[in-house]
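Single-structure report; data block below.
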Amino acid sequence: MLKVVLFDLDGTLVEQEGAAARAVVEWAAQYGIKGPDVAERWAAVSERHYRRYQRRELTFDEQRRARVREFLGLHADDTEIDAIFDGYLWRYEAGWRLFDDAIPAVRRARAAGLRVVIFSNGNTAHQQQKLDRFGLTAEIDRFISSEELPAGKPDPRAFQQALTLIGVEPDQALMVGDSLTNDIDGALAVGMGAVLLARSGQHADVGVRRIASLDELSW
């Protein structure tokens, strides 16, 4: 019997990919980096180093510095790199927005008697900032950041420890997220249910449950 729904945060409840793209274009131009592929290159660099953080090869701050050094080709000290990253960060944070279907979906789950947990690979403080800004903190039962866990999603240890913290068995939990690898494959690997949120129609050929909007989510 289903007892809890775990929602991913970025890309599922909060739109941040567009915020990152807009922020980096403006920020990078200050350093002479322009062109149609700026956002795509930044996303690739960010993904590579963020995965290193998820594998605990780097700290959260170290992965930020690694992204700046690679993308801008800089070899400055940490203090200077942090100051440079701040120029991107405030632009990025200003661009966050809550998806219109986020809070209604969370409320439907709780109205159905289910606990709601946000399970994110993001930095605890940074993600809590999003939860507070958009009023999600009061709408959920628990927030779990993989920063608290032995590894990040999709590592099975992340899901197993999250289930332990919540106090449910895998077949009593449903994972809802936009990442096929991190959210869906990771959850299915430990015996959880999973629903892929494919807002742009992506992954049409995969054999998993897909929805285009959280409005379609059912239990």
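Going by the structure tokens order, chains are called A, B, ..., each with residues numbered from 1, while ligands are numbered from 1 in the order shown.
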
| task | Mind checking which residues fall within 7 Å of A:Gly191, counting only C-alpha atoms, ignoring those fewer than 3 positions away in the same chain, and posting them as a ChimeraX atom specification? | result | /A:170-171,187-188

Now that the selection is made, can you save its residues with all heavy atoms as a PDB file, in the first residue's frame?
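Saved as again.pdb:
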```pdb
ATOM      1  N   PRO A 170      10.259  -0.144   0.236  1.00  0.00           N
ATOM      2  CA  PRO A 170      10.284   0.344  -1.144  1.00  0.00           C
ATOM      3  C   PRO A 170       8.934   0.312  -1.847  1.00  0.00           C
ATOM      4  O   PRO A 170       8.582   1.248  -2.578  1.00  0.00           O
ATOM      5  CB  PRO A 170      11.296  -0.591  -1.823  1.00  0.00           C
ATOM      6  CG  PRO A 170      12.212  -1.007  -0.727  1.00  0.00           C
ATOM      7  CD  PRO A 170      11.342  -1.131   0.485  1.00  0.00           C
ATOM      8  N   ASP A 171       8.152  -0.753  -1.612  1.00  0.00           N
ATOM      9  CA  ASP A 171       6.873  -0.858  -2.321  1.00  0.00           C
ATOM     10  C   ASP A 171       5.789   0.053  -1.732  1.00  0.00           C
ATOM     11  O   ASP A 171       4.662   0.094  -2.235  1.00  0.00           O
ATOM     12  CB  ASP A 171       6.389  -2.300  -2.367  1.00  0.00           C
ATOM     13  CG  ASP A 171       6.132  -2.895  -0.988  1.00  0.00           C
ATOM     14  OD1 ASP A 171       6.371  -2.204   0.024  1.00  0.00           O
ATOM     15  OD2 ASP A 171       5.704  -4.063  -0.914  1.00  0.00           O
ATOM     16  N   ALA A 187      15.145   4.768  -8.489  1.00  0.00           N
ATOM     17  CA  ALA A 187      14.043   4.276  -7.656  1.00  0.00           C
ATOM     18  C   ALA A 187      13.669   2.840  -8.016  1.00  0.00           C
ATOM     19  O   ALA A 187      13.483   1.991  -7.133  1.00  0.00           O
ATOM     20  CB  ALA A 187      12.839   5.191  -7.810  1.00  0.00           C
ATOM     21  N   LEU A 188      13.555   2.567  -9.297  1.00  0.00           N
ATOM     22  CA  LEU A 188      13.165   1.226  -9.727  1.00  0.00           C
ATOM     23  C   LEU A 188      14.190   0.182  -9.293  1.00  0.00           C
ATOM     24  O   LEU A 188      13.833  -0.961  -8.996  1.00  0.00           O
ATOM     25  CB  LEU A 188      12.988   1.193 -11.248  1.00  0.00           C
ATOM     26  CG  LEU A 188      11.815   2.026 -11.802  1.00  0.00           C
ATOM     27  CD1 LEU A 188      11.844   2.013 -13.331  1.00  0.00           C
ATOM     28  CD2 LEU A 188      10.481   1.497 -11.285  1.00  0.00           C
TER      29      LEU A 188
END
```

| said: Taking the DSSP secondary structure from the backbone, can you list the residues of stretch 27-189 of chain A that are alpha helix (DSSP H), as a PyMOL selection string? | reply: chain A and resi 27-29+38-54+60-72+78-94+102-111+124-133+156-166+186-189

Near stretch 143-167 of chain A, 9 Å: stretch 8-58 of chain A residue rows, closest pairs, only C-alpha atoms, as CSV:
```
residue,atom,partner,partner_atom,distance
A:Arg51,CA,A:Gly152,CA,8.6
A:Tyr53,CA,A:Gly152,CA,8.5
A:Gln54,CA,A:Gly152,CA,4.8
A:Arg55,CA,A:Ala151,CA,5.9
A:Arg56,CA,A:Ala151,CA,6.9
```

| message | Given only C-alpha atoms as the basis, pick out the residue of A:Leu180, A:Ile81, A:Val168, A:Ile140 nearest to A:Val117. | response |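 That would be A:Ile140, the residue with the smallest distance to A:Val117.
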
| said: Residues within 12 Å of stretch 60-70 of chain A, please, as a VMD selection string. Count only C-alpha atoms; anything in the same chain fewer than 6 positions from it doesn't count. | reply: chain A and resid 24 27 to 28 31 41 to 54 76 to 89 121 to 126 146 to 147

Using only C-alpha atoms, determine which residues lie at most 8 Å from A:Val25, disregarding the query and same-chain residues fewer than 2 positions distant; provide the list as a compact mmCIF listing (two decimals) with C-alpha atoms, in the first residue's frame.
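Once written, selection.txt looks like this:
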```
# COMPACT_ATOMS: atom_id res chain seq x y z
CA ALA A 21 20.69 29.28 -19.16
CA ARG A 22 19.66 32.93 -18.92
CA ALA A 23 22.05 33.62 -16.06
CA TRP A 27 27.40 36.36 -16.79
CA ALA A 28 29.72 34.80 -19.36
CA ALA A 29 29.49 37.83 -21.64
CA LYS A 34 29.48 34.60 -26.21
CA VAL A 38 27.08 29.21 -24.17
CA ALA A 39 24.22 27.79 -22.09
```

| query | Which residues in chain A does DSSP call strand (DSSP E)? List them as a VMD selection string. | reply | chain A and resid 4 to 7 14 to 15 97 to 98 115 to 120 142 to 145 173 to 177 193 to 197 210 to 211

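Of the residues under consideration (A:Arg115, A:Ile33, A:Gln16, A:Gln128), A:Ile33 shows the shortest atom-to-atom contact distance to A:Leu72 when counting only C-alpha atoms.
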